[in-house]
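Trainee: So that you have it, the file is entry35.csv, and it contains CSV, C-alpha atoms and all ligand atoms:
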```csv
chain,number,residue,atom,x,y,z
D,1,MET,CA,18.2,-13.1,0.0
D,2,PRO,CA,20.5,-15.2,2.1
D,3,ARG,CA,23.9,-13.9,3.0
D,4,ALA,CA,26.4,-15.1,0.5
D,5,MET,CA,29.7,-16.5,1.7
D,6,THR,CA,32.7,-14.2,1.1
D,7,THR,CA,34.4,-16.8,-1.0
D,8,LEU,CA,33.6,-20.4,-1.7
D,9,VAL,CA,37.2,-21.4,-1.8
D,10,GLU,CA,37.5,-20.3,1.9
D,11,HIS,CA,35.2,-23.2,2.8
D,12,ALA,CA,36.5,-25.4,0.2
D,13,GLY,CA,40.1,-25.4,1.5
D,14,THR,CA,39.1,-26.1,5.0
D,15,ALA,CA,36.8,-29.1,4.5
D,16,GLY,CA,38.6,-31.1,1.9
D,17,LEU,CA,36.3,-29.6,-0.6
D,18,ARG,CA,37.0,-27.8,-3.9
D,19,LEU,CA,34.9,-26.0,-6.3
D,20,ALA,CA,35.2,-26.2,-10.1
D,21,GLU,CA,33.0,-23.6,-11.8
D,22,LEU,CA,32.3,-25.2,-15.2
D,23,PRO,CA,31.2,-23.2,-18.2
D,24,LEU,CA,27.8,-23.7,-19.7
D,25,PRO,CA,26.3,-22.5,-23.0
D,26,PHE,CA,23.3,-21.0,-21.1
D,27,PRO,CA,22.7,-17.5,-19.5
D,28,VAL,CA,22.5,-19.1,-16.0
D,29,GLY,CA,26.3,-18.9,-15.7
D,30,PRO,CA,28.6,-21.7,-14.7
D,31,VAL,CA,27.5,-24.9,-13.0
D,32,ASN,CA,29.2,-25.8,-9.7
D,33,ALA,CA,31.1,-29.1,-9.6
D,34,TRP,CA,31.9,-29.8,-6.0
D,35,ILE,CA,35.0,-32.1,-5.5
D,36,PHE,CA,35.4,-34.0,-2.2
D,37,VAL,CA,39.1,-34.7,-2.0
D,38,ASP,CA,39.1,-37.3,0.8
D,39,GLY,CA,38.0,-40.8,0.0
D,40,PRO,CA,35.7,-41.8,-1.4
D,41,VAL,CA,36.8,-39.1,-3.8
D,42,THR,CA,33.5,-37.6,-5.1
D,43,VAL,CA,32.6,-35.2,-7.9
D,44,VAL,CA,29.1,-33.7,-7.6
D,45,ASP,CA,27.7,-32.6,-10.9
D,46,PRO,CA,30.5,-32.9,-13.4
D,47,GLY,CA,29.0,-30.4,-15.9
D,48,MET,CA,28.7,-30.8,-19.6
D,49,PHE,CA,30.7,-32.7,-22.1
D,50,SER,CA,32.8,-30.0,-23.8
D,51,SER,CA,36.5,-29.7,-23.8
D,52,ASN,CA,36.5,-26.3,-22.1
D,53,SER,CA,34.4,-27.8,-19.3
D,54,THR,CA,36.2,-31.2,-18.9
D,55,ASP,CA,39.6,-29.5,-19.1
D,56,ARG,CA,38.6,-27.2,-16.3
D,57,LEU,CA,37.4,-30.2,-14.2
D,58,GLU,CA,40.7,-32.0,-14.8
D,59,ALA,CA,42.6,-28.9,-13.8
D,60,ALA,CA,40.6,-28.6,-10.5
D,61,LEU,CA,41.3,-32.2,-9.7
D,62,ALA,CA,45.0,-31.7,-10.4
D,63,GLU,CA,45.1,-28.6,-8.1
D,64,ALA,CA,43.8,-31.0,-5.4
D,65,GLY,CA,46.5,-33.5,-6.2
D,66,LEU,CA,44.1,-35.8,-7.9
D,67,THR,CA,43.6,-37.2,-11.4
D,68,ILE,CA,40.5,-38.5,-13.2
D,69,GLY,CA,41.5,-42.0,-12.1
D,70,SER,CA,41.3,-40.9,-8.4
D,71,VAL,CA,37.6,-40.3,-8.7
D,72,ASP,CA,35.7,-43.0,-6.7
D,73,GLN,CA,32.1,-41.9,-7.5
D,74,ILE,CA,30.1,-39.2,-9.3
D,75,VAL,CA,27.0,-37.7,-7.9
D,76,VAL,CA,24.4,-36.3,-10.3
D,77,THR,CA,21.8,-34.2,-8.4
D,78,HIS,CA,19.3,-34.3,-11.3
D,79,ALA,CA,18.9,-35.3,-14.9
D,80,HIS,CA,19.4,-31.9,-16.5
D,81,PRO,CA,22.2,-31.7,-19.1
D,82,ASP,CA,24.1,-28.9,-17.3
D,83,HIS,CA,24.6,-31.2,-14.3
D,84,PHE,CA,25.2,-34.6,-15.9
D,85,GLY,CA,26.4,-34.1,-19.5
D,86,ALA,CA,29.9,-35.3,-18.7
D,87,ALA,CA,28.9,-37.9,-16.1
D,88,ALA,CA,29.1,-40.9,-18.5
D,89,TRP,CA,32.5,-39.7,-19.8
D,90,LEU,CA,33.9,-39.4,-16.2
D,91,SER,CA,32.3,-42.7,-15.1
D,92,ASP,CA,33.9,-44.4,-18.1
D,93,LYS,CA,37.4,-42.9,-17.6
D,94,ALA,CA,37.4,-43.2,-13.8
D,95,ASP,CA,35.6,-46.6,-13.7
D,96,ALA,CA,33.3,-45.0,-11.1
D,97,PRO,CA,29.5,-45.3,-10.5
D,98,ILE,CA,27.1,-42.4,-11.1
D,99,VAL,CA,24.9,-41.9,-8.0
D,100,CYS,CA,21.5,-40.3,-8.6
D,101,GLY,CA,18.0,-40.1,-7.1
D,102,ALA,CA,16.1,-43.3,-8.1
D,103,PRO,CA,13.4,-41.4,-10.1
D,104,GLU,CA,16.1,-39.7,-12.2
D,105,ALA,CA,17.6,-43.0,-13.4
D,106,ALA,CA,15.2,-43.5,-16.3
D,107,LYS,CA,15.6,-39.9,-17.4
D,108,LEU,CA,19.4,-40.1,-17.4
D,109,LEU,CA,19.1,-43.2,-19.6
D,110,SER,CA,16.5,-41.6,-21.9
D,111,PHE,CA,19.0,-39.2,-23.4
D,112,GLY,CA,20.5,-42.0,-25.4
D,113,PRO,CA,20.0,-41.9,-29.2
D,114,GLU,CA,17.8,-45.0,-29.2
D,115,HIS,CA,15.2,-43.1,-27.1
D,116,VAL,CA,14.9,-40.0,-29.2
D,117,GLU,CA,11.6,-40.9,-30.9
D,118,GLU,CA,9.9,-42.0,-27.7
D,119,ARG,CA,11.0,-38.8,-26.0
D,120,SER,CA,9.8,-36.5,-28.7
D,121,ALA,CA,6.4,-38.3,-28.7
D,122,HIS,CA,6.1,-37.6,-24.9
D,123,ASP,CA,7.2,-34.0,-25.4
D,124,MET,CA,4.7,-33.4,-28.2
D,125,ALA,CA,1.8,-34.8,-26.1
D,126,LEU,CA,2.8,-32.6,-23.2
D,127,LEU,CA,3.0,-29.5,-25.3
D,128,ALA,CA,-0.3,-30.3,-27.0
D,129,SER,CA,-1.9,-30.7,-23.5
D,130,VAL,CA,-1.0,-27.2,-22.6
D,131,GLY,CA,-2.2,-25.7,-25.9
D,132,VAL,CA,1.1,-25.1,-27.7
D,133,PRO,CA,0.2,-25.0,-31.4
D,134,ASN,CA,1.7,-27.5,-33.8
D,135,GLU,CA,4.2,-25.1,-35.4
D,136,LEU,CA,5.9,-24.5,-32.0
D,137,GLN,CA,5.9,-28.1,-30.9
D,138,ASP,CA,9.5,-28.7,-32.0
D,139,THR,CA,10.6,-26.4,-29.2
D,140,PHE,CA,11.7,-29.3,-26.9
D,141,THR,CA,13.5,-31.0,-29.7
D,142,MET,CA,15.2,-27.7,-30.4
D,143,MET,CA,16.2,-27.4,-26.8
D,144,ARG,CA,17.7,-30.9,-26.8
D,145,SER,CA,19.5,-30.5,-30.1
D,146,MET,CA,21.2,-27.4,-28.7
D,147,VAL,CA,23.0,-29.5,-26.1
D,148,ALA,CA,23.0,-33.0,-27.7
D,149,ASP,CA,26.7,-33.0,-28.5
D,150,GLN,CA,27.5,-32.0,-24.9
D,151,VAL,CA,25.7,-34.9,-23.3
D,152,ARG,CA,27.3,-38.3,-23.3
D,153,PRO,CA,24.7,-41.1,-23.1
D,154,VAL,CA,24.6,-42.8,-19.7
D,155,ALA,CA,24.5,-46.7,-19.5
D,156,SER,CA,22.4,-48.4,-16.9
D,157,SER,CA,25.5,-50.3,-15.7
D,158,MET,CA,27.0,-47.0,-14.6
D,159,LEU,CA,24.1,-46.0,-12.4
D,160,ALA,CA,23.8,-46.4,-8.6
D,161,PRO,CA,20.3,-45.0,-7.8
D,162,MET,CA,19.5,-43.9,-4.2
D,163,ALA,CA,16.2,-43.9,-2.3
D,164,ASP,CA,15.2,-41.0,0.0
D,165,GLY,CA,16.9,-41.5,3.5
D,166,GLU,CA,19.7,-43.7,2.4
D,167,ASP,CA,23.3,-43.0,3.5
D,168,LEU,CA,26.2,-42.3,1.2
D,169,GLN,CA,29.9,-42.0,2.1
D,170,ILE,CA,31.5,-38.9,0.5
D,171,GLY,CA,34.9,-37.5,1.4
D,172,GLY,CA,35.1,-39.4,4.7
D,173,ARG,CA,31.7,-38.3,5.9
D,174,THR,CA,28.3,-39.9,5.9
D,175,PHE,CA,25.7,-38.0,4.0
D,176,VAL,CA,21.9,-38.7,4.1
D,177,ALA,CA,20.1,-38.6,0.7
D,178,HIS,CA,17.1,-36.3,0.4
D,179,VAL,CA,15.3,-37.4,-2.8
D,180,THR,CA,12.6,-34.8,-3.3
D,181,PRO,CA,10.3,-33.9,-6.2
D,182,GLY,CA,10.2,-30.3,-7.4
D,183,HIS,CA,12.9,-28.9,-9.8
D,184,SER,CA,12.9,-32.5,-11.2
D,185,SER,CA,11.0,-35.6,-10.1
D,186,GLY,CA,13.8,-37.3,-8.1
D,187,HIS,CA,16.2,-34.4,-7.3
D,188,LEU,CA,19.0,-35.6,-5.0
D,189,SER,CA,20.3,-33.4,-2.2
D,190,LEU,CA,22.7,-34.7,0.4
D,191,HIS,CA,23.1,-33.6,4.0
D,192,SER,CA,25.8,-34.2,6.6
D,193,GLY,CA,26.5,-32.4,9.9
D,194,GLY,CA,25.0,-29.1,8.8
D,195,THR,CA,26.3,-29.1,5.2
D,196,LEU,CA,23.7,-29.5,2.4
D,197,ILE,CA,24.6,-30.3,-1.2
D,198,SER,CA,21.5,-28.8,-2.7
D,199,GLY,CA,21.8,-29.1,-6.5
D,200,ASP,CA,19.2,-26.8,-8.1
D,201,HIS,CA,16.6,-27.2,-5.3
D,202,LEU,CA,18.1,-24.3,-3.4
D,203,LEU,CA,20.0,-21.5,-5.1
D,204,ALA,CA,21.0,-18.2,-3.6
D,205,HIS,CA,20.2,-15.8,-6.4
D,206,ILE,CA,18.1,-17.7,-8.9
D,207,THR,CA,14.5,-18.9,-8.5
D,208,PRO,CA,14.6,-22.5,-9.7
D,209,ASN,CA,12.2,-22.8,-12.7
D,210,PRO,CA,9.4,-25.3,-11.9
D,211,PHE,CA,10.4,-27.2,-15.0
D,212,ILE,CA,7.4,-28.9,-16.8
D,213,GLU,CA,7.9,-32.6,-17.0
D,214,ALA,CA,5.7,-35.3,-18.5
D,215,ALA,CA,4.4,-37.9,-16.0
D,216,ASP,CA,2.0,-40.8,-15.9
D,217,THR,CA,-0.7,-38.8,-14.1
D,218,PRO,CA,-4.3,-37.9,-15.3
D,219,LEU,CA,-2.8,-34.4,-16.0
D,220,GLY,CA,0.0,-36.0,-18.1
D,221,ARG,CA,2.6,-33.9,-16.2
D,222,ARG,CA,3.9,-33.4,-12.7
D,223,ARG,CA,2.6,-30.5,-10.5
D,224,SER,CA,6.2,-29.3,-10.4
D,225,LEU,CA,5.8,-26.1,-8.3
D,226,VAL,CA,3.4,-27.6,-5.8
D,227,GLU,CA,5.8,-30.5,-5.3
D,228,TYR,CA,8.7,-28.0,-5.1
D,229,LEU,CA,7.2,-25.9,-2.3
D,230,ASP,CA,6.2,-29.1,-0.3
D,231,SER,CA,9.9,-30.2,-0.5
D,232,LEU,CA,11.1,-26.8,0.4
D,233,ALA,CA,9.5,-27.2,3.9
D,234,ARG,CA,11.8,-30.1,4.6
D,235,PHE,CA,15.0,-28.1,3.9
D,236,GLU,CA,13.6,-25.2,5.9
D,237,ALA,CA,13.2,-27.6,8.9
D,238,LEU,CA,16.7,-29.0,8.3
D,239,ASP,CA,18.1,-25.5,8.4
D,240,PRO,CA,21.7,-26.3,7.3
D,241,ASP,CA,24.7,-24.2,8.3
D,242,LEU,CA,26.1,-24.2,4.8
D,243,VAL,CA,24.4,-24.9,1.4
D,244,LEU,CA,26.5,-25.9,-1.6
D,245,PRO,CA,24.3,-25.2,-4.6
D,246,GLY,CA,24.4,-26.2,-8.2
D,247,HIS,CA,24.9,-22.6,-9.4
D,248,GLY,CA,26.1,-19.5,-7.7
D,249,PRO,CA,27.7,-18.9,-4.3
D,250,ALA,CA,27.4,-21.1,-1.2
D,251,PHE,CA,25.0,-19.6,1.4
D,252,ARG,CA,23.2,-20.1,4.7
D,253,ASP,CA,19.9,-19.2,6.1
D,254,VAL,CA,17.5,-21.5,4.3
D,255,PRO,CA,14.4,-20.4,6.2
D,256,GLN,CA,15.0,-16.9,5.0
D,257,LEU,CA,15.5,-18.1,1.4
D,258,ALA,CA,12.3,-20.2,1.7
D,259,GLY,CA,10.3,-17.2,2.9
D,260,THR,CA,11.6,-15.1,-0.1
D,261,LEU,CA,10.7,-17.9,-2.5
D,262,ARG,CA,7.2,-18.4,-1.1
D,263,ALA,CA,6.6,-14.6,-1.3
D,264,HIS,CA,7.8,-14.6,-4.9
D,265,HIS,CA,5.6,-17.5,-6.0
D,266,ASP,CA,2.5,-16.0,-4.1
D,267,LYS,CA,3.0,-12.7,-5.9
D,268,ARG,CA,3.4,-14.3,-9.3
D,269,ALA,CA,0.4,-16.6,-8.7
D,270,GLY,CA,-1.6,-13.5,-7.9
D,271,GLU,CA,-0.5,-11.9,-11.2
D,272,ILE,CA,-1.5,-14.9,-13.2
D,273,LEU,CA,-4.8,-15.1,-11.4
D,274,ARG,CA,-5.5,-11.6,-12.6
D,275,LEU,CA,-4.4,-12.5,-16.1
D,276,ILE,CA,-6.9,-15.4,-16.1
D,277,ALA,CA,-9.7,-13.2,-14.8
D,278,GLU,CA,-8.9,-10.8,-17.8
D,279,HIS,CA,-8.7,-13.7,-20.3
D,280,PRO,CA,-11.1,-16.4,-19.1
D,281,GLY,CA,-10.9,-19.7,-21.0
D,282,SER,CA,-7.2,-19.3,-21.9
D,283,THR,CA,-4.8,-22.2,-22.3
D,284,ILE,CA,-1.4,-22.4,-20.4
D,285,HIS,CA,0.3,-21.5,-23.7
D,286,GLU,CA,-1.9,-18.5,-24.3
D,287,LEU,CA,-1.3,-17.3,-20.8
D,288,ALA,CA,2.4,-17.7,-21.2
D,289,GLN,CA,2.4,-15.6,-24.4
D,290,ALA,CA,0.3,-13.0,-22.7
D,291,TYR,CA,2.4,-12.9,-19.5
D,292,PHE,CA,5.8,-12.9,-21.1
D,293,SER,CA,4.9,-11.6,-24.6
D,294,GLY,CA,6.6,-13.0,-27.8
D,295,LEU,CA,8.2,-16.2,-26.4
D,296,GLU,CA,10.1,-18.1,-29.1
D,297,SER,CA,12.3,-21.2,-29.3
D,298,TYR,CA,13.1,-22.9,-26.0
D,299,HIS,CA,11.7,-19.9,-24.1
D,300,VAL,CA,8.3,-21.4,-24.9
D,301,VAL,CA,9.1,-24.3,-22.6
D,302,LEU,CA,10.4,-22.1,-19.8
D,303,GLY,CA,7.3,-19.8,-20.1
D,304,ILE,CA,4.8,-22.6,-20.0
D,305,SER,CA,6.7,-24.2,-17.1
D,306,GLU,CA,6.3,-20.9,-15.1
D,307,ILE,CA,2.6,-20.6,-15.9
D,308,ALA,CA,1.7,-24.2,-15.4
D,309,GLY,CA,3.5,-24.2,-12.0
D,310,HIS,CA,1.5,-21.2,-10.7
D,311,ILE,CA,-1.8,-22.4,-12.2
D,312,ASP,CA,-1.3,-25.7,-10.2
D,313,LEU,CA,-0.9,-23.6,-7.1
D,314,LEU,CA,-4.1,-21.6,-7.9
D,315,GLU,CA,-6.0,-24.8,-8.7
D,316,ASN,CA,-4.9,-26.4,-5.4
D,317,ARG,CA,-6.2,-23.3,-3.6
D,318,GLY,CA,-9.5,-23.5,-5.5
D,319,GLU,CA,-8.9,-20.1,-7.1
D,320,VAL,CA,-9.1,-21.4,-10.7
D,321,VAL,CA,-10.9,-24.3,-12.4
D,322,SER,CA,-10.1,-25.9,-15.7
D,323,ARG,CA,-12.1,-27.7,-18.5
D,324,GLY,CA,-11.4,-29.3,-21.8
D,325,ALA,CA,-8.3,-30.6,-23.6
D,326,PRO,CA,-6.1,-28.6,-23.9
D,327,GLN,CA,-7.1,-27.4,-20.4
D,328,ARG,CA,-8.7,-23.9,-20.4
D,329,PHE,CA,-8.8,-21.9,-17.1
D,330,THR,CA,-11.3,-19.7,-15.4
D,331,ALA,CA,-11.0,-17.8,-12.1
D,332,THR,CA,-13.6,-18.9,-9.5
D,333,ARG,CA,-14.2,-15.4,-8.2
D,401,ZN,ZN,21.1,-26.3,-13.2
```
Have the structure of the file written as structure tokens, please.

Mentor:
Amino acid sequence: MPRAMTTLVEHAGTAGLRLAELPLPFPVGPVNAWIFVDGPVTVVDPGMFSSNSTDRLEAALAEAGLTIGSVDQIVVTHAHPDHFGAAAWLSDKADAPIVCGAPEAAKLLSFGPEHVEERSAHDMALLASVGVPNELQDTFTMMRSMVADQVRPVASSMLAPMADGEDLQIGGRTFVAHVTPGHSSGHLSLHSGGTLISGDHLLAHITPNPFIEAADTPLGRRRSLVEYLDSLARFEALDPDLVLPGHGPAFRDVPQLAGTLRAHHDKRAGEILRLIAEHPGSTIHELAQAYFSGLESYHVVLGISEIAGHIDLLENRGEVVSRGAPQRFTATR
């Protein structure tokens, strides 16, 4: 694992940068809201819309001599509720745009109540395609309803989508956007002079889940982990001096982290290959149940995300083949 910085605040104080660790209703721990104090005053990932989180954010702004009204822009690294739940609230109060990776814009908008039916139809189709039985297909809906009251709907007028390679002024510096698929389809990282804001693409102590996501492809979903590992190579080459992640401590040594992540995924892919050899013709759901045993509720989604990600790696390498709908997998040797 990369060497964690002694304290984050140490860096924060020196670079016009503050950290607000905002509480989440998930076991992952808090989400990091990075506040750039110099103009344009920027909040990266304002957390979820709950009073204990937004109060904490306001307190952190106050400690930096700022108010909500001082915020010039909000950056959302990706369209997961723990990162953007309060973005629309902040955008509205501060009259500030929400910057995001262009492919995330539609997803941010789709959390609105008018899109609920369309979303659940997509989710059902995705779950059916990986063999999740009917009685478990409300798992996505369950996951969303758990957080629905902590996500404020985003309006398209608030959004400022960015393309890969574009510049953004943050805290008196010019950052370059890295819009990379992986953890989500249009995850936005930002790089300036050796500092990388990495969202959930790079985390010191957590392996980002290759979250399953419906897409307009023959497969009906993205190959999240294959995309993730491709994008990882870019950050490895960038080799920033300091990474400011979406959760957990700041760190350095991205090449070492990348090596650890690749080894982790290779090992897990090998385990899943053995499982497929033992249970030929299984669906992704059956393999998830066999690998993790007794998955319930939203863990069903996390489990199938893990398995689908690693099966995509194995298929890419020609080590498994699939047939049928839902897809059933067999090892090639
Ligand atoms: Zn996250």

Trainee: Do you know which residues are within 7 Å of ligand ZN 401 (chain D) using only C-alpha atoms and all ligand atoms? Can you write them as a PyMOL selection string?

Mentor: chain D and resi 31+80+82-83+200+246-247

Trainee: May I ask for the distance between atom CA of D:Gly281 and atom CA of D:Gly294, given in Å to one decimal place?

Mentor: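 Spanning atom CA of D:Gly281 to atom CA of D:Gly294 is a straight-line distance of 19.9 Å.
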
Trainee: With distances taken over all atoms listed in the file, which residue among D:His279, D:Ala233, D:Gln289, D:Val179 lies nearest D:Asp167?

Mentor: D:Val179

Trainee: Between D:Pro153, D:Gly172, D:Pro30, D:Pro218, which one has atoms that come closest to D:Pro245, using only C-alpha atoms?

Mentor: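 Checking each of D:Pro153, D:Gly172, D:Pro30, D:Pro218 against D:Pro245, counting only C-alpha atoms, the winner is D:Pro30.
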
Trainee: Neighbouring residues of D:His178 were defined as those with any atom within 9 Å, considering all atoms listed in the file; residues of the same chain fewer than 6 positions away were excluded. Please report them as a ChimeraX atom specification.

Mentor: /D:101,163-166,187-191

Trainee: Could you work out how far atom CA of D:Lys107 lies from atom CA of D:Gln327, giving the answer in Å with one decimal?

Mentor: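 Interatomic distance, atom CA of D:Gln327 to atom CA of D:Lys107: 26.1 Å.
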
Trainee: Considering all atoms listed in the file, can you say which of D:Gly248, D:Gly194, D:Gly29, D:Pro97 comes closest to D:Val71?

Mentor: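 Closest to D:Val71, using all atoms listed in the file: D:Pro97.
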
Trainee: From the options D:Ala121, D:Ala128, D:Val28, D:Ile206, which residue's atoms come nearest to D:Thr141, counting all atoms listed in the file?

Mentor: D:Ala121

Trainee: So, counting all atoms listed in the file, which residue among D:Val321, D:Val301, D:Leu196, D:Ile311 is closest to D:Val132?

Mentor: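 Among the listed residues, the smallest separation from D:Val132 belongs to D:Val301.
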
Trainee: Could you jot down the atom CA of D:Ser110 to atom CA of D:Val76 separation for me, Å, one decimal place?

Mentor: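 Pair atom CA of D:Ser110 / atom CA of D:Val76 returns 15.0 Å.
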
Trainee: List as a list of chain:residue names the protein and nucleic acid residues near D:Ala290, meaning an atom at most 12 Å away when only C-alpha atoms are counted, but skip any in the same chain fewer than 2 places from it.

Mentor: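 Once the nearby chain positions are removed, what remains is D:Glu271, D:Ile272, D:Arg274, D:Leu275, D:Ile276, D:Glu278, D:His279, D:Ser282, D:Thr283, D:Ile284, D:His285, D:Glu286, D:Leu287, D:Ala288, D:Phe292, D:Ser293, D:Gly294, D:Leu295, D:Val300, D:Gly303, D:Ile304, D:Ile307.
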
Trainee: Write to file, as a PDB file, in the frame of the given file, the residues of the selection just made, with C-alpha atoms.

Mentor:
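The result, written out as selection.pdb:
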```
ATOM      1  CA  GLU D 271      -0.500 -11.900 -11.200  1.00  0.00           C
ATOM      2  CA  ILE D 272      -1.500 -14.900 -13.200  1.00  0.00           C
ATOM      3  CA  ARG D 274      -5.500 -11.600 -12.600  1.00  0.00           C
ATOM      4  CA  LEU D 275      -4.400 -12.500 -16.100  1.00  0.00           C
ATOM      5  CA  ILE D 276      -6.900 -15.400 -16.100  1.00  0.00           C
ATOM      6  CA  GLU D 278      -8.900 -10.800 -17.800  1.00  0.00           C
ATOM      7  CA  HIS D 279      -8.700 -13.700 -20.300  1.00  0.00           C
ATOM      8  CA  SER D 282      -7.200 -19.300 -21.900  1.00  0.00           C
ATOM      9  CA  THR D 283      -4.800 -22.200 -22.300  1.00  0.00           C
ATOM     10  CA  ILE D 284      -1.400 -22.400 -20.400  1.00  0.00           C
ATOM     11  CA  HIS D 285       0.300 -21.500 -23.700  1.00  0.00           C
ATOM     12  CA  GLU D 286      -1.900 -18.500 -24.300  1.00  0.00           C
ATOM     13  CA  LEU D 287      -1.300 -17.300 -20.800  1.00  0.00           C
ATOM     14  CA  ALA D 288       2.400 -17.700 -21.200  1.00  0.00           C
ATOM     15  CA  PHE D 292       5.800 -12.900 -21.100  1.00  0.00           C
ATOM     16  CA  SER D 293       4.900 -11.600 -24.600  1.00  0.00           C
ATOM     17  CA  GLY D 294       6.600 -13.000 -27.800  1.00  0.00           C
ATOM     18  CA  LEU D 295       8.200 -16.200 -26.400  1.00  0.00           C
ATOM     19  CA  VAL D 300       8.300 -21.400 -24.900  1.00  0.00           C
ATOM     20  CA  GLY D 303       7.300 -19.800 -20.100  1.00  0.00           C
ATOM     21  CA  ILE D 304       4.800 -22.600 -20.000  1.00  0.00           C
ATOM     22  CA  ILE D 307       2.600 -20.600 -15.900  1.00  0.00           C
TER      23      ILE D 307
END
```

Trainee: Using only C-alpha atoms, collect all residues at a distance of at most 9 Å from (34.3, -33.9, -1.6) as written in the file, then present them as a VMD selection string.

Mentor: chain D and resid 12 15 to 18 34 to 44 170 to 172

Trainee: Name the residues in contact with D:Ala88 at a cut-off of 6 Å, using all atoms listed in the file, excluding same-chain residues fewer than 4 positions from it; report them as a PyMOL selection string.

Mentor: chain D and resi 92+152+154

Trainee: Using only C-alpha atoms, pick whichever of D:Ala263, D:Val226, D:Ala177, D:Leu127 has the shortest atom-to-atom distance to D:Ala102.

Mentor: D:Ala177

Trainee: In the coordinates of the file, take the point (-8.9, -20.9, -6.6) and a cut-off of 12 Å; then, counting all atoms listed in the file, name each qualifying protein, DNA or RNA residue as a PDB file with C-alpha atoms, keeping the file's coordinate frame.

Mentor:
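Listing of result.pdb after writing:
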```pdb
ATOM      1  CA  ALA D 269       0.400 -16.600  -8.700  1.00  0.00           C
ATOM      2  CA  GLY D 270      -1.600 -13.500  -7.900  1.00  0.00           C
ATOM      3  CA  ILE D 272      -1.500 -14.900 -13.200  1.00  0.00           C
ATOM      4  CA  LEU D 273      -4.800 -15.100 -11.400  1.00  0.00           C
ATOM      5  CA  ARG D 274      -5.500 -11.600 -12.600  1.00  0.00           C
ATOM      6  CA  ILE D 276      -6.900 -15.400 -16.100  1.00  0.00           C
ATOM      7  CA  ALA D 277      -9.700 -13.200 -14.800  1.00  0.00           C
ATOM      8  CA  HIS D 310       1.500 -21.200 -10.700  1.00  0.00           C
ATOM      9  CA  ILE D 311      -1.800 -22.400 -12.200  1.00  0.00           C
ATOM     10  CA  ASP D 312      -1.300 -25.700 -10.200  1.00  0.00           C
ATOM     11  CA  LEU D 313      -0.900 -23.600  -7.100  1.00  0.00           C
ATOM     12  CA  LEU D 314      -4.100 -21.600  -7.900  1.00  0.00           C
ATOM     13  CA  GLU D 315      -6.000 -24.800  -8.700  1.00  0.00           C
ATOM     14  CA  ASN D 316      -4.900 -26.400  -5.400  1.00  0.00           C
ATOM     15  CA  ARG D 317      -6.200 -23.300  -3.600  1.00  0.00           C
ATOM     16  CA  GLY D 318      -9.500 -23.500  -5.500  1.00  0.00           C
ATOM     17  CA  GLU D 319      -8.900 -20.100  -7.100  1.00  0.00           C
ATOM     18  CA  VAL D 320      -9.100 -21.400 -10.700  1.00  0.00           C
ATOM     19  CA  VAL D 321     -10.900 -24.300 -12.400  1.00  0.00           C
ATOM     20  CA  SER D 322     -10.100 -25.900 -15.700  1.00  0.00           C
ATOM     21  CA  PHE D 329      -8.800 -21.900 -17.100  1.00  0.00           C
ATOM     22  CA  THR D 330     -11.300 -19.700 -15.400  1.00  0.00           C
ATOM     23  CA  ALA D 331     -11.000 -17.800 -12.100  1.00  0.00           C
ATOM     24  CA  THR D 332     -13.600 -18.900  -9.500  1.00  0.00           C
ATOM     25  CA  ARG D 333     -14.200 -15.400  -8.200  1.00  0.00           C
TER      26      ARG D 333
END
```

Trainee: Tell me which protein, DNA and RNA residues are within 7 Å of D:Gly309, counting only C-alpha atoms, leaving out same-chain ones fewer than 5 positions away, and put them as a VMD selection string.

Mentor: chain D and resid 210 223 to 225

Trainee: Excluding D:Arg222 and any residue of its chain fewer than 5 positions from it, enumerate the residues within 8 Å of it, using all atoms listed in the file, and give them as a list in words.

Mentor: Ser185, Ile212, Glu213, Ala214, Ala215 and Thr217 of chain D
